[in-house]
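Okay, structure_8.cif is below, mmCIF, C-alpha atoms:
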```cif
data_start
loop_
_atom_site.group_PDB
_atom_site.id
_atom_site.type_symbol
_atom_site.label_atom_id
_atom_site.label_comp_id
_atom_site.auth_asym_id
_atom_site.auth_seq_id
_atom_site.Cartn_x
_atom_site.Cartn_y
_atom_site.Cartn_z
ATOM 1 C CA MET M 13 89.289 114.126 87.924
ATOM 2 C CA PRO M 14 88.625 111.386 90.480
ATOM 3 C CA ARG M 15 90.091 108.013 89.608
ATOM 4 C CA ILE M 16 89.112 104.477 90.524
ATOM 5 C CA ARG M 17 91.643 101.783 91.284
ATOM 6 C CA PRO M 18 91.381 98.345 92.898
ATOM 7 C CA LEU M 19 93.314 97.398 96.034
ATOM 8 C CA THR M 20 94.540 93.886 96.756
ATOM 9 C CA VAL M 21 91.565 91.663 97.585
ATOM 10 C CA LEU M 22 91.810 90.197 101.062
ATOM 11 C CA ALA M 23 89.794 87.444 102.703
ATOM 12 C CA LEU M 24 86.572 88.628 104.312
ATOM 13 C CA ALA M 25 86.219 88.210 108.053
ATOM 14 C CA ALA M 26 82.901 87.119 109.577
ATOM 15 C CA PHE M 27 81.740 89.338 112.371
ATOM 16 C CA ALA M 28 78.757 90.795 114.196
ATOM 17 C CA CYS M 29 78.618 94.233 115.789
ATOM 18 C CA ALA M 30 75.874 96.129 117.568
ATOM 19 C CA SER M 31 74.550 99.064 115.575
ATOM 20 C CA VAL M 32 74.780 102.521 117.126
ATOM 21 C CA VAL M 33 73.726 105.987 116.072
ATOM 22 C CA LEU M 34 76.553 108.277 114.962
ATOM 23 C CA GLY M 35 74.560 111.442 114.405
ATOM 24 C CA PRO M 36 75.852 115.011 114.316
ATOM 25 C CA THR M 37 77.149 116.488 117.601
ATOM 26 C CA SER M 38 78.595 119.788 118.685
ATOM 27 C CA ALA M 39 82.026 118.458 117.686
ATOM 28 C CA ALA M 40 80.694 117.663 114.233
ATOM 29 C CA ALA M 41 79.177 121.111 113.973
ATOM 30 C CA SER M 42 82.541 122.578 114.910
ATOM 31 C CA ALA M 43 84.176 120.562 112.137
ATOM 32 C CA SER M 44 81.601 121.927 109.709
ATOM 33 C CA SER M 45 82.363 125.501 110.723
ATOM 34 C CA HIS M 46 86.091 124.862 110.349
ATOM 35 C CA LEU M 47 85.644 123.381 106.876
ATOM 36 C CA PHE M 48 83.876 126.370 105.433
ATOM 37 C CA ALA M 49 85.704 129.113 107.334
ATOM 38 C CA PRO M 50 88.550 130.950 105.541
ATOM 39 C CA THR M 51 91.905 129.421 106.505
ATOM 40 C CA ALA M 52 95.501 130.121 105.621
ATOM 41 C CA SER M 53 96.117 126.449 104.882
ATOM 42 C CA ARG M 54 93.864 124.615 102.459
ATOM 43 C CA PRO M 55 93.869 120.855 101.775
ATOM 44 C CA THR M 56 95.990 119.713 98.858
ATOM 45 C CA GLY M 57 97.400 116.500 97.466
ATOM 46 C CA PRO M 58 95.992 113.037 96.741
ATOM 47 C CA ILE M 59 93.786 110.823 98.911
ATOM 48 C CA THR M 60 92.483 107.290 98.412
ATOM 49 C CA VAL M 61 88.880 106.619 99.435
ATOM 50 C CA SER M 62 87.646 103.055 99.959
ATOM 51 C CA ALA M 63 83.867 103.183 99.545
ATOM 52 C CA ALA M 64 80.923 100.779 99.457
ATOM 53 C CA ALA M 65 79.991 99.521 95.984
ATOM 54 C CA SER M 66 76.574 101.187 96.144
ATOM 55 C CA LEU M 67 78.371 104.565 96.023
ATOM 56 C CA THR M 68 80.077 103.779 92.695
ATOM 57 C CA ASP M 69 78.007 106.284 90.712
ATOM 58 C CA VAL M 70 77.520 109.130 93.173
ATOM 59 C CA PHE M 71 80.929 109.447 94.831
ATOM 60 C CA PRO M 72 82.918 110.322 91.680
ATOM 61 C CA VAL M 73 80.474 113.192 91.122
ATOM 62 C CA ILE M 74 80.996 114.381 94.695
ATOM 63 C CA ALA M 75 84.768 114.043 94.254
ATOM 64 C CA ARG M 76 84.741 116.271 91.181
ATOM 65 C CA ALA M 77 82.903 118.947 93.155
ATOM 66 C CA PHE M 78 85.363 118.532 96.048
ATOM 67 C CA GLU M 79 88.375 118.870 93.731
ATOM 68 C CA LYS M 80 86.864 121.985 92.203
ATOM 69 C CA ARG M 81 86.386 123.518 95.646
ATOM 70 C CA TYR M 82 89.932 122.575 96.678
ATOM 71 C CA PRO M 83 92.254 122.890 93.661
ATOM 72 C CA GLY M 84 95.307 120.706 94.041
ATOM 73 C CA THR M 85 93.455 117.801 95.656
ATOM 74 C CA ALA M 86 92.954 114.502 93.835
ATOM 75 C CA VAL M 87 90.623 111.702 94.914
ATOM 76 C CA THR M 88 91.214 108.065 93.928
ATOM 77 C CA PHE M 89 88.524 105.473 94.664
ATOM 78 C CA ASN M 90 88.531 101.818 95.616
ATOM 79 C CA PHE M 91 84.942 100.491 95.470
ATOM 80 C CA GLY M 92 83.874 97.117 96.841
ATOM 81 C CA GLY M 93 81.901 95.218 99.459
ATOM 82 C CA SER M 94 82.070 97.025 102.806
ATOM 83 C CA ALA M 95 83.334 94.012 104.765
ATOM 84 C CA GLY M 96 86.186 93.493 102.314
ATOM 85 C CA LEU M 97 87.131 97.172 102.484
ATOM 86 C CA VAL M 98 87.315 97.013 106.274
ATOM 87 C CA SER M 99 89.498 93.882 106.042
ATOM 88 C CA GLN M 100 91.838 95.743 103.683
ATOM 89 C CA VAL M 101 92.170 98.670 106.083
ATOM 90 C CA LEU M 102 92.802 96.289 109.008
ATOM 91 C CA ALA M 103 95.568 94.659 106.952
ATOM 92 C CA GLY M 104 97.290 97.998 106.354
ATOM 93 C CA ALA M 105 96.067 98.977 102.877
ATOM 94 C CA PRO M 106 97.084 102.566 101.946
ATOM 95 C CA VAL M 107 93.668 104.162 102.434
ATOM 96 C CA ASP M 108 92.884 107.662 103.698
ATOM 97 C CA VAL M 109 89.088 107.548 104.028
ATOM 98 C CA LEU M 110 86.775 104.573 104.668
ATOM 99 C CA VAL M 111 83.077 104.603 103.741
ATOM 100 C CA THR M 112 80.782 101.651 104.485
ATOM 101 C CA ALA M 113 77.131 100.905 103.777
ATOM 102 C CA SER M 114 76.255 100.149 107.400
ATOM 103 C CA GLU M 115 77.204 101.207 110.902
ATOM 104 C CA PRO M 116 77.939 97.680 112.228
ATOM 105 C CA THR M 117 80.484 97.179 109.434
ATOM 106 C CA MET M 118 82.238 100.461 110.223
ATOM 107 C CA TRP M 119 82.337 99.585 113.911
ATOM 108 C CA LYS M 120 84.701 96.709 113.248
ATOM 109 C CA ALA M 121 87.231 99.310 112.090
ATOM 110 C CA VAL M 122 86.336 101.654 114.964
ATOM 111 C CA ASN M 123 86.780 98.919 117.575
ATOM 112 C CA ALA M 124 90.135 97.957 116.052
ATOM 113 C CA GLY M 125 91.302 101.559 116.424
ATOM 114 C CA VAL M 126 92.160 102.029 112.746
ATOM 115 C CA VAL M 127 89.695 104.827 111.912
ATOM 116 C CA ASN M 128 88.753 108.091 113.569
ATOM 117 C CA ARG M 129 85.249 109.083 114.649
ATOM 118 C CA PRO M 130 82.757 108.275 111.858
ATOM 119 C CA LEU M 131 79.984 110.567 110.702
ATOM 120 C CA ILE M 132 76.688 109.351 109.220
ATOM 121 C CA PHE M 133 75.896 111.068 105.907
ATOM 122 C CA ALA M 134 73.194 109.097 104.006
ATOM 123 C CA ARG M 135 70.472 106.473 104.231
ATOM 124 C CA ASN M 136 69.259 103.840 101.767
ATOM 125 C CA THR M 137 66.415 101.313 101.447
ATOM 126 C CA MET M 138 65.995 98.004 99.652
ATOM 127 C CA ALA M 139 64.290 97.098 96.359
ATOM 128 C CA ILE M 140 63.655 94.023 94.221
ATOM 129 C CA ALA M 141 65.382 94.127 90.835
ATOM 130 C CA MET M 142 64.456 91.892 87.885
ATOM 131 C CA PRO M 143 65.775 91.770 84.313
ATOM 132 C CA ALA M 144 64.137 94.267 81.965
ATOM 133 C CA GLY M 145 60.599 93.157 81.190
ATOM 134 C CA ASN M 146 60.370 91.027 84.339
ATOM 135 C CA PRO M 147 60.148 87.643 82.541
ATOM 136 C CA ALA M 148 59.434 85.783 85.795
ATOM 137 C CA ARG M 149 56.436 88.051 86.463
ATOM 138 C CA ILE M 150 57.439 88.909 90.012
ATOM 139 C CA ALA M 151 54.983 91.317 91.613
ATOM 140 C CA SER M 152 55.880 91.325 95.311
ATOM 141 C CA LEU M 153 58.477 90.292 97.863
ATOM 142 C CA ALA M 154 56.436 87.171 98.650
ATOM 143 C CA ASP M 155 56.829 86.013 95.040
ATOM 144 C CA LEU M 156 60.540 85.438 95.654
ATOM 145 C CA SER M 157 59.673 82.249 97.552
ATOM 146 C CA ARG M 158 58.142 80.624 94.440
ATOM 147 C CA PRO M 159 59.800 77.295 93.568
ATOM 148 C CA GLY M 160 62.130 77.399 90.583
ATOM 149 C CA LEU M 161 62.938 81.107 90.717
ATOM 150 C CA LEU M 162 66.592 82.083 90.419
ATOM 151 C CA VAL M 163 66.987 84.621 93.220
ATOM 152 C CA GLY M 164 70.284 86.212 94.242
ATOM 153 C CA LEU M 165 71.271 87.970 97.452
ATOM 154 C CA CYS M 166 74.406 89.627 98.728
ATOM 155 C CA ASP M 167 76.414 87.622 101.218
ATOM 156 C CA ALA M 168 75.271 88.223 104.804
ATOM 157 C CA ALA M 169 78.789 89.457 105.700
ATOM 158 C CA VAL M 170 78.231 92.623 103.645
ATOM 159 C CA PRO M 171 75.605 95.281 104.412
ATOM 160 C CA CYS M 172 73.332 94.603 101.422
ATOM 161 C CA GLY M 173 73.168 90.937 102.427
ATOM 162 C CA ALA M 174 72.470 91.712 106.072
ATOM 163 C CA ALA M 175 69.730 94.143 105.023
ATOM 164 C CA ALA M 176 68.187 91.553 102.673
ATOM 165 C CA ARG M 177 68.233 88.989 105.481
ATOM 166 C CA ASP M 178 66.454 91.425 107.805
ATOM 167 C CA LEU M 179 63.968 92.347 105.076
ATOM 168 C CA LEU M 180 62.997 88.729 104.439
ATOM 169 C CA ALA M 181 62.720 88.014 108.162
ATOM 170 C CA LEU M 182 60.546 91.092 108.724
ATOM 171 C CA ASN M 183 58.116 89.957 106.034
ATOM 172 C CA LYS M 184 58.335 86.244 106.909
ATOM 173 C CA VAL M 185 59.457 85.321 103.393
ATOM 174 C CA SER M 186 61.708 82.287 102.881
ATOM 175 C CA VAL M 187 64.165 82.420 99.967
ATOM 176 C CA THR M 188 66.839 79.948 98.889
ATOM 177 C CA PRO M 189 69.310 82.062 96.907
ATOM 178 C CA VAL M 190 71.243 80.527 94.026
ATOM 179 C CA THR M 191 74.110 82.977 94.598
ATOM 180 C CA ARG M 192 75.449 85.181 97.385
ATOM 181 C CA GLU M 193 77.572 88.011 96.023
ATOM 182 C CA LEU M 194 80.264 89.937 97.890
ATOM 183 C CA ASP M 195 79.013 93.349 96.766
ATOM 184 C CA VAL M 196 75.721 94.743 95.542
ATOM 185 C CA ARG M 197 76.983 95.751 92.096
ATOM 186 C CA ALA M 198 78.083 92.187 91.355
ATOM 187 C CA LEU M 199 74.571 91.027 92.240
ATOM 188 C CA LEU M 200 72.961 93.751 90.153
ATOM 189 C CA ALA M 201 75.107 92.796 87.142
ATOM 190 C CA LYS M 202 73.737 89.237 87.259
ATOM 191 C CA VAL M 203 70.194 90.603 87.299
ATOM 192 C CA VAL M 204 70.873 92.931 84.358
ATOM 193 C CA SER M 205 72.416 90.071 82.347
ATOM 194 C CA GLY M 206 69.382 87.835 82.944
ATOM 195 C CA ASP M 207 71.357 85.231 84.882
ATOM 196 C CA LEU M 208 68.928 85.774 87.766
ATOM 197 C CA ASP M 209 65.170 86.186 87.890
ATOM 198 C CA ALA M 210 65.504 88.655 90.758
ATOM 199 C CA GLY M 211 67.868 90.112 93.327
ATOM 200 C CA ILE M 212 67.423 92.212 96.441
ATOM 201 C CA VAL M 213 69.548 95.346 96.053
ATOM 202 C CA TYR M 214 69.520 98.940 97.231
ATOM 203 C CA ALA M 215 66.881 101.275 95.826
ATOM 204 C CA THR M 216 69.675 103.566 94.587
ATOM 205 C CA ASP M 217 71.210 100.733 92.544
ATOM 206 C CA VAL M 218 67.925 100.192 90.715
ATOM 207 C CA ARG M 219 67.774 103.906 90.015
ATOM 208 C CA ALA M 220 71.366 103.912 88.736
ATOM 209 C CA VAL M 221 70.771 101.376 85.937
ATOM 210 C CA GLY M 222 67.428 102.779 84.811
ATOM 211 C CA ASN M 223 65.549 100.703 82.238
ATOM 212 C CA LYS M 224 68.127 97.913 82.316
ATOM 213 C CA VAL M 225 66.035 96.394 85.106
ATOM 214 C CA THR M 226 62.429 96.251 86.207
ATOM 215 C CA SER M 227 61.838 96.935 89.880
ATOM 216 C CA VAL M 228 59.186 96.124 92.436
ATOM 217 C CA PRO M 229 59.151 98.817 95.124
ATOM 218 C CA ILE M 230 58.789 97.668 98.719
ATOM 219 C CA PRO M 231 56.346 99.695 100.876
ATOM 220 C CA ALA M 232 58.037 101.652 103.661
ATOM 221 C CA SER M 233 56.173 99.708 106.337
ATOM 222 C CA MET M 234 57.647 96.470 104.955
ATOM 223 C CA ASN M 235 61.124 97.777 104.178
ATOM 224 C CA VAL M 236 64.401 98.137 106.084
ATOM 225 C CA THR M 237 67.018 100.867 105.901
ATOM 226 C CA THR M 238 70.776 101.151 106.201
ATOM 227 C CA THR M 239 72.874 104.192 107.045
ATOM 228 C CA TYR M 240 76.282 105.110 105.645
ATOM 229 C CA PRO M 241 79.203 106.209 107.866
ATOM 230 C CA ILE M 242 82.399 107.877 106.647
ATOM 231 C CA ALA M 243 85.668 108.193 108.589
ATOM 232 C CA THR M 244 89.300 109.115 108.134
ATOM 233 C CA VAL M 245 91.784 106.265 108.522
ATOM 234 C CA GLY M 246 94.144 106.824 111.452
ATOM 235 C CA ARG M 247 97.333 106.234 109.482
ATOM 236 C CA THR M 248 96.361 108.460 106.538
ATOM 237 C CA SER M 249 99.338 110.143 104.893
ATOM 238 C CA ASN M 250 97.231 113.241 104.150
ATOM 239 C CA PRO M 251 95.073 113.916 107.226
ATOM 240 C CA GLN M 252 94.093 117.444 106.202
ATOM 241 C CA ALA M 253 92.690 116.449 102.818
ATOM 242 C CA ALA M 254 91.136 113.270 104.227
ATOM 243 C CA GLN M 255 89.267 115.187 106.934
ATOM 244 C CA ALA M 256 88.263 117.877 104.445
ATOM 245 C CA PHE M 257 86.703 115.209 102.214
ATOM 246 C CA VAL M 258 84.816 113.657 105.159
ATOM 247 C CA ASN M 259 83.520 117.072 106.194
ATOM 248 C CA TYR M 260 82.598 117.930 102.623
ATOM 249 C CA VAL M 261 80.524 114.749 102.167
ATOM 250 C CA ARG M 262 78.726 115.174 105.491
ATOM 251 C CA PHE M 263 78.259 118.917 105.792
ATOM 252 C CA SER M 264 78.334 120.626 102.381
ATOM 253 C CA LEU M 265 75.079 121.485 100.637
ATOM 254 C CA SER M 266 76.746 120.500 97.374
ATOM 255 C CA ALA M 267 77.545 116.914 98.388
ATOM 256 C CA GLN M 268 74.240 116.428 100.161
ATOM 257 C CA GLY M 269 72.376 117.739 97.119
ATOM 258 C CA ILE M 270 74.224 115.294 94.867
ATOM 259 C CA LEU M 271 73.334 112.431 97.207
ATOM 260 C CA ARG M 272 69.639 113.417 97.056
ATOM 261 C CA ALA M 273 69.812 113.552 93.259
ATOM 262 C CA TYR M 274 71.095 109.957 93.209
ATOM 263 C CA GLY M 275 68.333 108.733 95.516
ATOM 264 C CA PHE M 276 70.082 108.666 98.892
ATOM 265 C CA ALA M 277 68.038 110.007 101.778
ATOM 266 C CA ARG M 278 69.065 112.114 104.754
ATOM 267 C CA PRO M 279 69.863 109.932 107.799
ATOM 268 C CA TRP M 280 68.688 112.555 110.301
#
```
What is this structure when it is put down as structure tokens?
Amino acid sequence: MPRIRPLTVLALAAFACASVVLGPTSAAASASSHLFAPTASRPTGPITVSAAASLTDVFPVIARAFEKRYPGTAVTFNFGGSAGLVSQVLAGAPVDVLVTASEPTMWKAVNAGVVNRPLIFARNTMAIAMPAGNPARIASLADLSRPGLLVGLCDAAVPCGAAARDLLALNKVSVTPVTRELDVRALLAKVVSGDLDAGIVYATDVRAVGNKVTSVPIPASMNVTTTYPIATVGRTSNPQAAQAFVNYVRFSLSAQGILRAYGFARPW
């Protein structure tokens, strides 16, 4: 069974990177063929996966399927804000696979030379979450600018905060948040508890908590998206299992089907 454990929390580093497309290539296709071809040596042993907080629900399900396919493997998770996870890897944390909620965040690790070539495996969009029953009667993104509302965002250093910033700018909505959280699940928890009137989170996070929140969908023409890259860490102690997990998430019908079931879209 996959396990979840925290790593030491390190200070977040502010940064800005240009986003690039990391779509499938012939090399990626070759990796896919290698993953599912019969081999004399199969991946075994434990790996630690540091993954964006928005994957907290779906990745353990994928890990169980991966462990079933490859008996003898064991996946341990460290979930958190993407920027913090990258900082941990840069500081030498014992991580085998890194998964972030945006390409610019992953590219800090790529540019530092600490991860191998990432692959994009999923896409997400944004949504407005309110406590169950929507006591503040929020009906649209523009309503978030009303005086007196307690609105929360993720910090701009993490992907959900950068996406919220871009969403508000796209729709010319001005919001003064009362909190800026370091990962999307921390923000969602404050919405569920009623400490906030609203928060801008990922659409998959709203889906994950069901009737614990009320949500206002954002039309596609007014929304922004983020894509998720996954990569093996260069100093992994189990490169075979780490690469097998990356390939499984990106290329297997099983993992991609699980991602669709949890609301993540194809990035291609």
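Atom pair atom CA of M:Thr237 / atom CA of M:Leu131: separated by 16.9 Å.
The residues returned by the PyMOL selection byres ((chain M and resi 195) around 10) for this structure are Ala64, Ala65, Ser66, Phe91, Gly92, Gly93, Ser94, Ala95, Gly96, Leu165, Cys166, Asp167, Ala169, Val170, Pro171, Cys172, Gly173, Arg192, Glu193, Leu194, Val196, Arg197, Ala198, Leu199, Leu200 and Val213 of chain M.
Counting all atoms listed in the file and comparing M:Leu265, M:Val190, M:Ile242, M:Ala176, the residue that lies closest to M:Ile230 is M:Ala176.
Take the candidates M:Val236, M:Ala168, M:Ala220, M:Val187 and check each one against M:Leu67 using all atoms listed in the file; the shortest distance goes to M:Ala220.
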Exercise for the section: May I have the residues within 9 Å of stretch 71-78 of chain M as an MDAnalysis selection string, using all atoms listed in the file and disregarding those fewer than 5 positions away in the same chain? Expected result: chainID M and resid 13:16 63 83 85:89 256:257 260:261 266:268 270:271
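One finds atom CA of M:Pro241 at 19.0 Å from atom CA of M:Ala105.
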Problem - Length of the atom CA of M:Ser157 to atom CA of M:Ser114 vector [Å] - result: 26.3 Å
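You can rank M:Leu153, M:Val245, M:Ala273, M:Leu180 by their closest distance to M:Leu97 using all atoms listed in the file, and at the top of that list sits M:Val245.
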Exercise for the section: Find the residues near stretch 223-229 of chain M: any atom within 9 Å, counting all atoms listed in the file, skip ones fewer than 2 places away on the same chain, and give them as a ChimeraX atom specification. Expected result: /M:138-146,150-153,200,203-205,215,218-219,221,231
As JSON, please: the centre and edge lengths in Å, to one decimal, of an axis-aligned box enclosing every listed atom of stretch 143-146 of chain M with 3 Å added on each side.
```
{"center_x": 63.1, "center_y": 92.6, "center_z": 82.8, "size_x": 11.4, "size_y": 9.2, "size_z": 9.1}
```
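The residue set within 8 Å of M:Val163, counting all atoms listed in the file and dropping same-chain residues fewer than 6 places from it, reads M:Leu156, M:Val187, M:Thr188, M:Pro189, M:Val190, M:Thr191, M:Leu208, M:Asp209, M:Ala210, M:Gly211.
Running the PyMOL selection byres ((chain M and resi 136) around 9) on this file leaves Ala113, Ala134, Arg135, Thr137, Met138, Tyr214, Ala215, Thr216, Val236, Thr237, Thr238, Thr239, Tyr240, Gly275, Phe276, Ala277, Arg278 and Pro279 of chain M selected.
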Handout entry: Surrounding residues of M:Pro251 excluding itself and chain neighbours under 3 positions, 12 Å, only C-alpha atoms, as a ChimeraX atom specification
Key = /M:54-60,107-109,127-128,243-248,254-258
